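Q: File run_6.tsv below, TSV, C-alpha atoms:
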chain	number	residue	atom	x	y	z
W	1	ASP	CA	-5.29	155.85	38.11
W	2	THR	CA	-3.41	154.80	41.20
W	3	GLY	CA	-1.99	158.10	42.39
W	4	VAL	CA	-0.20	161.30	41.54
W	5	SER	CA	2.18	160.81	38.63
W	6	GLN	CA	5.24	162.95	37.90
W	7	ASN	CA	7.52	162.96	34.88
W	8	PRO	CA	10.39	162.79	34.40
W	9	ARG	CA	11.65	161.12	37.58
W	10	HIS	CA	15.13	162.50	37.08
W	11	LYS	CA	16.43	165.45	35.07
W	12	ILE	CA	20.05	166.48	34.65
W	13	THR	CA	20.66	169.78	32.94
W	14	LYS	CA	23.36	172.35	32.46
W	15	ARG	CA	23.19	175.72	34.13
W	16	GLY	CA	21.28	178.20	32.01
W	17	GLN	CA	19.04	175.65	30.32
W	18	ASN	CA	15.25	175.55	30.66
W	19	VAL	CA	13.48	172.53	32.10
W	20	THR	CA	9.83	171.52	32.34
W	21	PHE	CA	8.23	168.99	34.66
W	22	ARG	CA	4.79	167.46	34.43
W	23	CYS	CA	2.35	166.39	37.14
W	24	ASP	CA	-0.82	164.33	36.66
W	25	PRO	CA	-3.00	164.51	39.76
W	26	ILE	CA	-5.43	161.92	41.06
W	27	SER	CA	-8.58	162.01	38.93
W	28	GLU	CA	-11.21	164.46	40.14
W	29	HIS	CA	-8.82	166.19	42.53
W	30	ASN	CA	-9.43	169.86	41.89
W	31	ARG	CA	-6.40	171.17	43.81
W	32	LEU	CA	-2.82	170.69	42.71
W	33	TYR	CA	0.28	171.79	44.60
W	34	TRP	CA	3.98	172.11	43.83
W	35	TYR	CA	6.62	171.81	46.54
W	36	ARG	CA	10.41	171.79	46.50
W	37	GLN	CA	12.44	169.59	48.81
W	38	THR	CA	16.18	169.80	49.37
W	39	LEU	CA	18.21	167.17	51.16
W	40	GLY	CA	17.47	167.00	54.86
W	41	GLN	CA	14.61	169.47	54.73
W	42	GLY	CA	10.85	169.33	54.66
W	43	PRO	CA	8.96	170.17	51.47
W	44	GLU	CA	8.60	173.91	50.84
W	45	PHE	CA	5.43	175.23	49.25
W	46	LEU	CA	5.83	176.82	45.81
W	47	THR	CA	2.37	177.29	44.34
W	48	TYR	CA	-1.08	175.76	44.06
W	49	PHE	CA	-4.04	175.62	41.70
W	50	GLN	CA	-7.72	175.15	42.19
W	51	ASN	CA	-8.89	173.80	38.86
W	52	GLU	CA	-7.07	175.98	36.30
W	53	ALA	CA	-6.69	179.02	38.56
W	54	GLN	CA	-3.34	179.62	40.24
W	55	LEU	CA	-4.42	180.77	43.71
W	56	GLU	CA	-1.17	181.31	45.55
W	57	LYS	CA	2.53	181.62	44.81
W	58	SER	CA	5.30	181.53	47.37
W	59	ARG	CA	7.84	184.32	47.43
W	60	LEU	CA	10.34	181.46	46.92
W	61	LEU	CA	9.01	181.26	43.37
W	62	SER	CA	11.25	183.63	41.42
W	63	ASP	CA	10.26	184.99	38.03
W	64	ARG	CA	12.29	182.18	36.44
W	65	PHE	CA	9.64	179.73	37.65
W	66	SER	CA	6.25	179.42	36.01
W	67	ALA	CA	3.49	176.89	36.52
W	68	GLU	CA	0.39	176.20	34.52
W	69	ARG	CA	-2.66	174.00	34.73
W	70	PRO	CA	-4.42	174.92	31.50
W	71	LYS	CA	-7.39	172.56	31.60
W	72	GLY	CA	-7.59	171.97	35.31
W	73	SER	CA	-6.08	168.50	34.99
W	74	PHE	CA	-2.31	168.03	34.59
W	75	SER	CA	0.14	170.78	35.49
W	76	THR	CA	3.58	171.81	34.27
W	77	LEU	CA	6.33	173.57	36.18
W	78	GLU	CA	8.96	175.33	34.07
W	79	ILE	CA	12.26	176.69	35.30
W	80	GLN	CA	14.04	179.05	32.94
W	81	ARG	CA	17.78	179.75	33.01
W	82	THR	CA	18.41	177.11	35.63
W	83	GLU	CA	20.93	177.75	38.40
W	84	GLN	CA	22.79	175.27	40.58
W	85	GLY	CA	20.66	176.37	43.51
W	86	ASP	CA	17.60	175.01	41.70
W	87	SER	CA	18.86	171.47	42.24
W	88	ALA	CA	16.24	169.76	44.39
W	89	MET	CA	13.36	167.30	44.39
W	90	TYR	CA	10.21	168.88	42.97
W	91	LEU	CA	7.11	167.29	44.45
W	92	CYS	CA	3.55	167.55	43.24
W	93	ALA	CA	0.50	166.84	45.39
W	94	SER	CA	-3.22	166.85	44.80
W	95	SER	CA	-6.32	167.06	46.97
W	96	LEU	CA	-10.09	167.34	46.76
W	97	GLY	CA	-9.91	170.86	48.09
W	98	THR	CA	-12.07	170.42	51.14
W	99	ASP	CA	-11.23	172.28	54.31
W	100	VAL	CA	-9.44	169.19	55.60
W	101	ASN	CA	-7.30	169.18	52.49
W	102	ILE	CA	-5.65	165.76	52.58
W	103	GLN	CA	-2.82	165.98	50.09
W	104	TYR	CA	-1.41	163.00	48.23
W	105	PHE	CA	2.11	163.29	46.88
W	106	GLY	CA	3.77	162.10	43.72
W	107	ALA	CA	7.19	160.48	43.68
W	108	GLY	CA	8.80	163.73	42.56
W	109	THR	CA	11.19	164.89	39.88
W	110	ARG	CA	14.79	165.13	40.98
W	111	LEU	CA	16.57	168.00	39.23
W	112	SER	CA	20.34	168.22	39.08
W	113	VAL	CA	21.82	171.40	37.60
W	114	LEU	CA	25.47	171.01	36.63
Q	1	GLY	CA	5.17	184.36	58.66
Q	2	GLU	CA	3.84	180.83	58.85
Q	3	ASN	CA	6.27	178.47	60.50
Q	4	VAL	CA	6.38	174.93	61.90
Q	5	GLU	CA	9.14	173.87	64.27
Q	6	GLN	CA	9.82	170.15	64.71
Q	7	HIS	CA	11.91	168.35	67.33
Q	8	PRO	CA	14.01	166.33	67.64
Q	9	SER	CA	15.83	166.27	64.31
Q	10	THR	CA	17.06	162.73	64.96
Q	11	LEU	CA	15.70	160.03	67.24
Q	12	SER	CA	17.13	156.59	67.90
Q	13	VAL	CA	15.16	154.00	69.87
Q	14	GLN	CA	15.31	150.27	70.56
Q	15	GLU	CA	12.76	148.08	68.90
Q	16	GLY	CA	9.67	147.91	71.09
Q	17	ASP	CA	10.24	151.30	72.70
Q	18	SER	CA	8.06	154.36	72.10
Q	19	ALA	CA	8.98	157.38	70.00
Q	20	VAL	CA	7.62	160.90	70.37
Q	21	ILE	CA	8.04	163.76	67.91
Q	22	LYS	CA	6.85	167.26	68.74
Q	23	CYS	CA	5.85	170.23	66.59
Q	24	THR	CA	4.76	173.79	67.18
Q	25	TYR	CA	3.06	176.03	64.66
Q	26	SER	CA	2.63	179.77	64.36
Q	27	ASP	CA	-0.54	180.40	62.35
Q	28	SER	CA	-3.66	180.39	64.51
Q	29	ALA	CA	-5.76	179.84	61.38
Q	30	SER	CA	-4.29	176.36	60.88
Q	31	ASN	CA	-7.10	173.81	61.07
Q	32	TYR	CA	-5.58	170.52	60.00
Q	33	PHE	CA	-2.35	168.79	61.00
Q	34	PRO	CA	-1.08	165.81	59.01
Q	35	TRP	CA	1.97	163.65	59.62
Q	36	TYR	CA	3.92	162.19	56.72
Q	37	LYS	CA	6.46	159.37	56.63
Q	38	GLN	CA	9.14	159.51	53.96
Q	39	GLU	CA	11.48	156.63	53.27
Q	40	LEU	CA	14.71	157.26	51.42
Q	41	GLY	CA	14.07	158.16	47.81
Q	42	LYS	CA	10.30	157.81	48.12
Q	43	ARG	CA	7.31	160.11	48.25
Q	44	PRO	CA	5.89	161.45	51.53
Q	45	GLN	CA	3.10	159.15	52.70
Q	46	LEU	CA	0.32	160.34	55.00
Q	47	ILE	CA	0.25	158.19	58.14
Q	48	ILE	CA	-2.17	160.05	60.40
Q	49	ASP	CA	-3.82	163.44	60.66
Q	50	ILE	CA	-5.87	165.45	63.12
Q	51	ARG	CA	-8.37	168.25	62.73
Q	52	SER	CA	-8.42	171.33	64.89
Q	53	ASN	CA	-11.64	170.34	66.69
Q	54	VAL	CA	-10.12	167.12	68.05
Q	55	GLY	CA	-7.55	166.73	70.83
Q	56	GLU	CA	-6.34	163.22	70.15
Q	57	LYS	CA	-6.54	160.54	67.49
Q	58	LYS	CA	-5.21	157.01	67.48
Q	59	ASP	CA	-4.64	154.45	64.74
Q	60	GLN	CA	-3.16	151.19	65.98
Q	61	ARG	CA	0.40	151.96	67.14
Q	62	ILE	CA	0.27	155.61	66.07
Q	63	ALA	CA	-1.39	158.48	67.91
Q	64	VAL	CA	-1.41	162.22	67.50
Q	65	THR	CA	-2.30	164.85	70.10
Q	66	LEU	CA	-3.14	168.51	69.52
Q	67	ASN	CA	-3.09	171.43	71.94
Q	68	LYS	CA	-4.52	174.39	70.04
Q	69	THR	CA	-4.05	176.81	72.90
Q	70	ALA	CA	-0.33	176.13	73.02
Q	71	LYS	CA	-0.09	175.51	69.24
Q	72	HIS	CA	1.58	172.17	69.87
Q	73	PHE	CA	0.97	168.78	68.30
Q	74	SER	CA	2.81	165.52	68.73
Q	75	LEU	CA	3.20	162.11	67.12
Q	76	HIS	CA	3.47	159.04	69.33
Q	77	ILE	CA	4.59	155.68	67.99
Q	78	THR	CA	4.38	152.74	70.38
Q	79	GLU	CA	6.00	149.32	70.10
Q	80	THR	CA	8.36	150.58	67.41
Q	81	GLN	CA	9.56	148.21	64.71
Q	82	PRO	CA	12.57	148.44	62.37
Q	83	GLU	CA	10.23	149.24	59.47
Q	84	ASP	CA	9.20	152.41	61.30
Q	85	SER	CA	12.68	153.79	60.49
Q	86	ALA	CA	12.20	156.77	58.17
Q	87	VAL	CA	11.97	160.55	58.17
Q	88	TYR	CA	8.77	161.91	59.68
Q	89	PHE	CA	7.36	165.34	58.86
Q	90	CYS	CA	4.64	167.24	60.64
Q	91	ALA	CA	2.70	169.94	58.81
Q	92	SER	CA	0.05	172.55	59.40
Q	93	ASN	CA	-2.57	173.53	56.87
Q	94	THR	CA	-3.81	176.96	55.85
Q	95	GLY	CA	-4.80	176.00	52.33
Q	96	LYS	CA	-1.23	174.95	51.65
Q	97	LEU	CA	0.91	172.73	53.88
Q	98	ILE	CA	3.73	174.20	55.93
Q	99	PHE	CA	6.14	171.42	56.90
Q	100	GLY	CA	8.46	170.98	59.81
Q	101	GLN	CA	12.11	170.24	59.22
Q	102	GLY	CA	11.71	166.50	59.71
Q	103	THR	CA	12.77	163.88	62.26
Q	104	THR	CA	14.95	160.96	61.25
Q	105	LEU	CA	13.78	158.00	63.30
Q	106	GLN	CA	16.04	154.99	63.63
Q	107	VAL	CA	14.65	151.87	65.26
Q	108	LYS	CA	17.39	149.48	66.27
Q	109	PRO	CA	16.55	145.77	66.22
Will you turn the file into C-alpha coordinates for me?

A:
Amino acid sequence: DTGVSQNPRHKITKRGQNVTFRCDPISEHNRLYWYRQTLGQGPEFLTYFQNEAQLEKSRLLSDRFSAERPKGSFSTLEIQRTEQGDSAMYLCASSLGTDVNIQYFGAGTRLSVL
Amino acid sequence: GENVEQHPSTLSVQEGDSAVIKCTYSDSASNYFPWYKQELGKRPQLIIDIRSNVGEKKDQRIAVTLNKTAKHFSLHITETQPEDSAVYFCASNTGKLIFGQGTTLQVKP
(Lines of atoms letter the chains of each structure in order from A and count residues from 1; the text may use other names and numbers.)
(Lines give C-alpha, C1' and ligand atoms only; values in the text may rest on other atoms or scores of the structure.)
Protein backbone atom coordinates (compact mmCIF):
# COMPACT_ATOMS: atom_id res chain seq x y z
CA ASP A 1 0.00 0.00 0.00
CA THR A 2 1.88 3.01 -1.27
CA GLY A 3 -0.78 5.70 -1.13
CA VAL A 4 -4.34 6.72 -1.86
CA SER A 5 -5.67 4.92 -4.92
CA GLN A 6 -8.51 6.16 -7.13
CA ASN A 7 -10.32 4.41 -9.96
CA PRO A 8 -10.97 5.01 -12.73
CA ARG A 9 -8.40 7.65 -13.64
CA HIS A 10 -10.55 8.99 -16.44
CA LYS A 11 -14.27 8.75 -17.11
CA ILE A 12 -16.12 10.08 -20.13
CA THR A 13 -19.88 9.96 -19.98
CA LYS A 14 -22.90 11.43 -21.66
CA ARG A 15 -25.09 13.96 -19.93
CA GLY A 16 -27.79 12.27 -17.89
CA GLN A 17 -25.82 9.10 -17.17
CA ASN A 18 -24.80 7.95 -13.69
CA VAL A 19 -21.15 7.51 -12.76
CA THR A 20 -19.40 6.00 -9.75
CA PHE A 21 -15.83 6.55 -8.58
CA ARG A 22 -13.88 4.55 -6.05
CA CYS A 23 -11.24 5.61 -3.53
CA ASP A 24 -8.99 3.31 -1.50
CA PRO A 25 -7.33 5.24 1.32
CA ILE A 26 -3.99 4.57 2.97
CA SER A 27 -4.34 1.59 5.30
CA GLU A 28 -5.40 2.49 8.83
CA HIS A 29 -6.37 6.03 7.87
CA ASN A 30 -9.74 6.51 9.52
CA ARG A 31 -10.67 9.74 7.72
CA LEU A 32 -11.49 9.96 4.03
CA TYR A 33 -12.27 13.12 2.09
CA TRP A 34 -13.66 13.95 -1.34
CA TYR A 35 -12.77 17.16 -3.14
CA ARG A 36 -13.56 18.53 -6.58
CA GLN A 37 -11.06 20.53 -8.59
CA THR A 38 -11.78 22.47 -11.76
CA LEU A 39 -9.13 23.88 -14.04
CA GLY A 40 -7.20 26.74 -12.49
CA GLN A 41 -8.82 26.40 -9.09
CA GLY A 42 -7.94 24.90 -5.76
CA PRO A 43 -9.67 21.73 -4.57
CA GLU A 44 -13.14 22.33 -3.12
CA PHE A 45 -14.33 20.23 -0.21
CA LEU A 46 -17.30 17.95 -0.90
CA THR A 47 -17.64 15.56 2.02
CA TYR A 48 -15.70 13.51 4.55
CA PHE A 49 -15.99 10.32 6.57
CA GLN A 50 -14.59 9.21 9.87
CA ASN A 51 -14.62 5.44 9.61
CA GLU A 52 -18.02 4.66 8.07
CA ALA A 53 -19.78 7.78 9.34
CA GLN A 54 -20.27 10.69 6.95
CA LEU A 55 -19.53 13.67 9.20
CA GLU A 56 -19.89 16.66 6.91
CA LYS A 57 -21.25 17.50 3.49
CA SER A 58 -20.63 20.71 1.61
CA ARG A 59 -23.58 22.66 0.28
CA LEU A 60 -21.83 22.18 -3.09
CA LEU A 61 -22.93 18.55 -2.86
CA SER A 62 -26.32 18.51 -4.57
CA ASP A 63 -28.78 15.68 -4.07
CA ARG A 64 -27.45 14.11 -7.27
CA PHE A 65 -24.22 13.32 -5.41
CA SER A 66 -23.95 10.54 -2.87
CA ALA A 67 -20.94 9.09 -1.11
CA GLU A 68 -20.56 5.97 0.95
CA ARG A 69 -17.90 4.26 3.00
CA PRO A 70 -19.76 1.14 4.09
CA LYS A 71 -17.02 -0.69 5.99
CA GLY A 72 -14.84 2.24 6.91
CA SER A 73 -12.26 1.34 4.27
CA PHE A 74 -12.82 2.24 0.60
CA SER A 75 -15.34 4.86 -0.44
CA THR A 76 -17.50 5.45 -3.51
CA LEU A 77 -18.78 8.72 -4.91
CA GLU A 78 -21.79 8.48 -7.21
CA ILE A 79 -23.14 11.23 -9.42
CA GLN A 80 -26.60 10.67 -10.81
CA ARG A 81 -27.97 12.36 -13.94
CA THR A 82 -24.65 13.95 -14.75
CA GLU A 83 -24.53 17.50 -16.11
CA GLN A 84 -21.80 19.22 -18.09
CA GLY A 85 -21.03 21.33 -15.04
CA ASP A 86 -19.99 18.17 -13.20
CA SER A 87 -16.92 17.89 -15.42
CA ALA A 88 -13.93 18.19 -13.09
CA MET A 89 -11.18 16.27 -11.33
CA TYR A 90 -12.53 14.42 -8.30
CA LEU A 91 -9.84 14.00 -5.67
CA CYS A 92 -9.84 11.72 -2.67
CA ALA A 93 -7.65 12.20 0.39
CA SER A 94 -7.13 10.30 3.61
CA SER A 95 -5.72 11.09 7.04
CA LEU A 96 -5.27 9.61 10.48
CA GLY A 97 -7.80 12.03 11.87
CA THR A 98 -5.63 13.70 14.44
CA ASP A 99 -6.04 17.38 15.13
CA VAL A 100 -3.16 18.11 12.77
CA ASN A 101 -4.95 16.21 10.05
CA ILE A 102 -2.26 15.74 7.41
CA GLN A 103 -4.14 14.72 4.29
CA TYR A 104 -2.64 12.62 1.52
CA PHE A 105 -4.22 12.86 -1.90
CA GLY A 106 -4.91 10.35 -4.62
CA ALA A 107 -4.24 11.04 -8.28
CA GLY A 108 -7.90 11.78 -8.90
CA THR A 109 -10.59 10.75 -11.35
CA ARG A 110 -11.07 13.12 -14.24
CA LEU A 111 -14.72 13.25 -15.30
CA SER A 112 -15.77 14.61 -18.67
CA VAL A 113 -19.50 14.97 -19.29
CA LEU A 114 -20.35 15.36 -22.98
CA GLY B 1 -18.15 31.37 5.55
CA GLU B 2 -14.70 29.84 5.59
CA ASN B 3 -12.42 31.36 3.00
CA VAL B 4 -8.74 31.40 2.04
CA GLU B 5 -7.36 34.10 -0.21
CA GLN B 6 -4.05 33.47 -1.99
CA HIS B 7 -1.77 35.89 -3.83
CA PRO B 8 -0.31 36.24 -6.35
CA SER B 9 -2.09 34.03 -8.86
CA THR B 10 1.03 33.84 -11.03
CA LEU B 11 4.67 34.38 -10.15
CA SER B 12 7.67 34.30 -12.45
CA VAL B 13 11.21 34.38 -11.06
CA GLN B 14 14.74 33.76 -12.30
CA GLU B 15 16.47 30.63 -11.17
CA GLY B 16 18.22 31.31 -7.88
CA ASP B 17 15.84 34.08 -6.82
CA SER B 18 13.36 33.79 -3.95
CA ALA B 19 9.61 33.35 -4.28
CA VAL B 20 6.98 34.37 -1.74
CA ILE B 21 3.31 33.38 -1.76
CA LYS B 22 0.86 34.85 0.72
CA CYS B 23 -2.46 33.63 2.10
CA THR B 24 -5.09 34.95 4.46
CA TYR B 25 -7.80 32.91 6.13
CA SER B 26 -11.11 33.78 7.72
CA ASP B 27 -11.87 31.08 10.29
CA SER B 28 -10.27 31.78 13.67
CA ALA B 29 -10.71 28.11 14.58
CA SER B 30 -8.20 27.03 11.92
CA ASN B 31 -5.30 25.28 13.64
CA TYR B 32 -3.21 23.80 10.86
CA PHE B 33 -1.93 25.27 7.60
CA PRO B 34 -0.46 23.01 4.92
CA TRP B 35 1.06 23.92 1.58
CA TYR B 36 0.66 21.65 -1.42
CA LYS B 37 2.55 21.56 -4.71
CA GLN B 38 0.70 20.30 -7.76
CA GLU B 39 2.43 19.59 -11.04
CA LEU B 40 0.39 19.41 -14.22
CA GLY B 41 -1.84 16.36 -14.24
CA LYS B 42 -0.61 15.11 -10.88
CA ARG B 43 -1.94 14.90 -7.35
CA PRO B 44 -1.38 17.66 -4.78
CA GLN B 45 1.73 16.84 -2.74
CA LEU B 46 2.27 18.20 0.76
CA ILE B 47 5.54 20.15 0.88
CA ILE B 48 5.42 21.83 4.28
CA ASP B 49 2.91 22.60 7.01
CA ILE B 50 2.66 24.65 10.17
CA ARG B 51 0.56 24.34 13.30
CA SER B 52 -1.18 27.24 14.95
CA ASN B 53 1.14 27.25 17.98
CA VAL B 54 4.24 27.89 15.84
CA GLY B 55 5.25 31.11 14.10
CA GLU B 56 7.78 29.78 11.62
CA LYS B 57 9.00 26.49 10.20
CA LYS B 58 11.80 25.77 7.79
CA ASP B 59 12.72 22.74 5.70
CA GLN B 60 15.81 23.24 3.55
CA ARG B 61 14.89 25.84 0.90
CA ILE B 62 11.27 26.11 1.99
CA ALA B 63 9.91 28.07 4.94
CA VAL B 64 6.45 28.98 6.15
CA THR B 65 5.48 31.79 8.52
CA LEU B 66 2.21 32.23 10.38
CA ASN B 67 0.69 35.34 11.96
CA LYS B 68 -2.42 34.18 13.78
CA THR B 69 -3.39 37.65 14.92
CA ALA B 70 -3.52 38.91 11.35
CA LYS B 71 -4.68 35.52 9.96
CA HIS B 72 -1.84 35.55 7.46
CA PHE B 73 0.57 32.80 6.45
CA SER B 74 3.23 32.74 3.78
CA LEU B 75 5.42 30.34 1.84
CA HIS B 76 9.02 31.29 1.10
CA ILE B 77 11.14 29.40 -1.40
CA THR B 78 14.80 30.38 -1.62
CA GLU B 79 17.32 29.58 -4.33
CA THR B 80 14.55 28.56 -6.71
CA GLN B 81 15.20 25.87 -9.29
CA PRO B 82 13.34 25.05 -12.54
CA GLU B 83 11.86 21.94 -10.88
CA ASP B 84 10.10 24.22 -8.39
CA SER B 85 7.82 25.29 -11.27
CA ALA B 86 4.30 24.13 -10.40
CA VAL B 87 1.04 25.34 -8.90
CA TYR B 88 1.18 25.92 -5.15
CA PHE B 89 -1.89 25.85 -2.91
CA CYS B 90 -2.20 27.03 0.66
CA ALA B 91 -4.95 25.65 2.87
CA SER B 92 -6.42 26.06 6.32
CA ASN B 93 -7.84 23.24 8.38
CA THR B 94 -11.02 23.08 10.43
CA GLY B 95 -11.51 19.34 10.09
CA LYS B 96 -11.64 19.73 6.33
CA LEU B 97 -9.17 21.68 4.20
CA ILE B 98 -10.15 25.00 2.68
CA PHE B 99 -7.81 25.79 -0.21
CA GLY B 100 -6.64 29.02 -1.73
CA GLN B 101 -7.00 29.62 -5.43
CA GLY B 102 -3.44 28.61 -6.23
CA THR B 103 -0.25 30.31 -7.43
CA THR B 104 1.40 29.25 -10.66
CA LEU B 105 5.13 29.56 -10.10
CA GLN B 106 7.43 29.67 -13.10
CA VAL B 107 11.17 29.49 -12.50
CA LYS B 108 13.12 30.57 -15.55
CA PRO B 109 16.53 28.94 -16.07

Q: As an exercise, work out the distance from CA of Gln80 in chain W to CA of Arg64 in chain W in Å and give it to one decimal place.

A: 5.0 Å

Q: If you measure from CA of Val4 in chain Q to CA of Lys108 in chain Q, what distance in Å do you get, rounded to one decimal?

A: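 Result for CA of Val4 in chain Q versus CA of Lys108 in chain Q: 28.1 Å, one decimal.
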
Q: With the cut-off set at 8 Å and counting all atoms listed in the file, tabulate each residue of chain W with an atom at most that distance from an atom of chain Q, showing the nearest atom pair and its distance in Å to one decimal, ordered by chain and increasing number, as a tab-separated table.

A:
residue	atom	partner	partner_atom	distance
W:Tyr33	CA	Q:Lys96	CA	7.9
W:Gly40	CA	Q:Gly102	CA	7.5
W:Gln41	CA	Q:Gln101	CA	5.2
W:Gly42	CA	Q:Gln101	CA	4.8
W:Pro43	CA	Q:Phe99	CA	6.2
W:Glu44	CA	Q:Phe99	CA	7.0
W:Phe45	CA	Q:Leu97	CA	6.9
W:Tyr48	CA	Q:Lys96	CA	7.6
W:Asp99	CA	Q:Gly95	CA	7.7
W:Val100	CA	Q:Tyr32	CA	6.0
W:Asn101	CA	Q:Gly95	CA	7.3
W:Ile102	CA	Q:Pro34	CA	7.9
W:Tyr104	CA	Q:Gln45	CA	7.4
W:Phe105	CA	Q:Arg43	CA	6.2
W:Gly106	CA	Q:Arg43	CA	6.1
W:Ala107	CA	Q:Arg43	CA	4.6
W:Gly108	CA	Q:Arg43	CA	6.9

Q: One decimal, in Å: what's the spacing between CA of Asp63 in chain W and CA of Gly97 in chain W?

A: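 Taking CA of Asp63 in chain W as the start and CA of Gly97 in chain W as the end point, the length is 26.6 Å.
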
Q: Please provide as a list of chain:residue names all residues within 8 Å of Cys23 in chain Q, with the sequence filter that same-chain residues fewer than 2 positions apart are discarded (counting all atoms listed in the file).

A: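 With the cut-off at 8 Å, the set is Q:Val4, Q:Glu5, Q:Gln6, Q:His7, Q:Ile21, Q:Tyr25, Q:His72, Q:Phe73, Q:Ser74, Q:Cys90, Q:Gly100.
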
Q: If we draw a sphere of 8 Å around (14.7, 173.7, 43.2), which residues have at least one atom in it when counting all atoms listed in the file? Please report them as a ChimeraX atom specification.

A: /W:36-38,85-90,111

Q: Hey, what's within 9 Å of range 12-26 of chain W if we count only C-alpha atoms and toss same-chain stuff fewer than 3 positions away? As a ChimeraX atom specification, please?

A: /W:1-8,29-32,34,73-84,90-95,104-106,108-114

Q: Dump as JSON, numbers by chain all residues having an atom at most 10 Å from (9.9, 154.3, 73.1), computed in the file's coordinates with only C-alpha atoms.

A: {"Q": [12, 13, 14, 15, 16, 17, 18, 19, 20, 76, 77, 78, 79, 80, 107]}

Q: Please give the centre and size of the box around range 46-57 of chain Q (axis-aligned, containing every atom listed in the file, 8 Å added per side), with values in Å to one decimal and written as lines of an AutoDock Vina configuration file.

A:
center_x = -5.7
center_y = 164.8
center_z = 62.9
size_x = 28.0
size_y = 29.1
size_z = 31.8

Q: Between W:Thr47, W:Leu96, W:Arg9, W:Leu39, which one has atoms that come closest to Phe65 in chain W, using only C-alpha atoms?

A: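 Of all the options, W:Thr47 lies closest to Phe65 in chain W.
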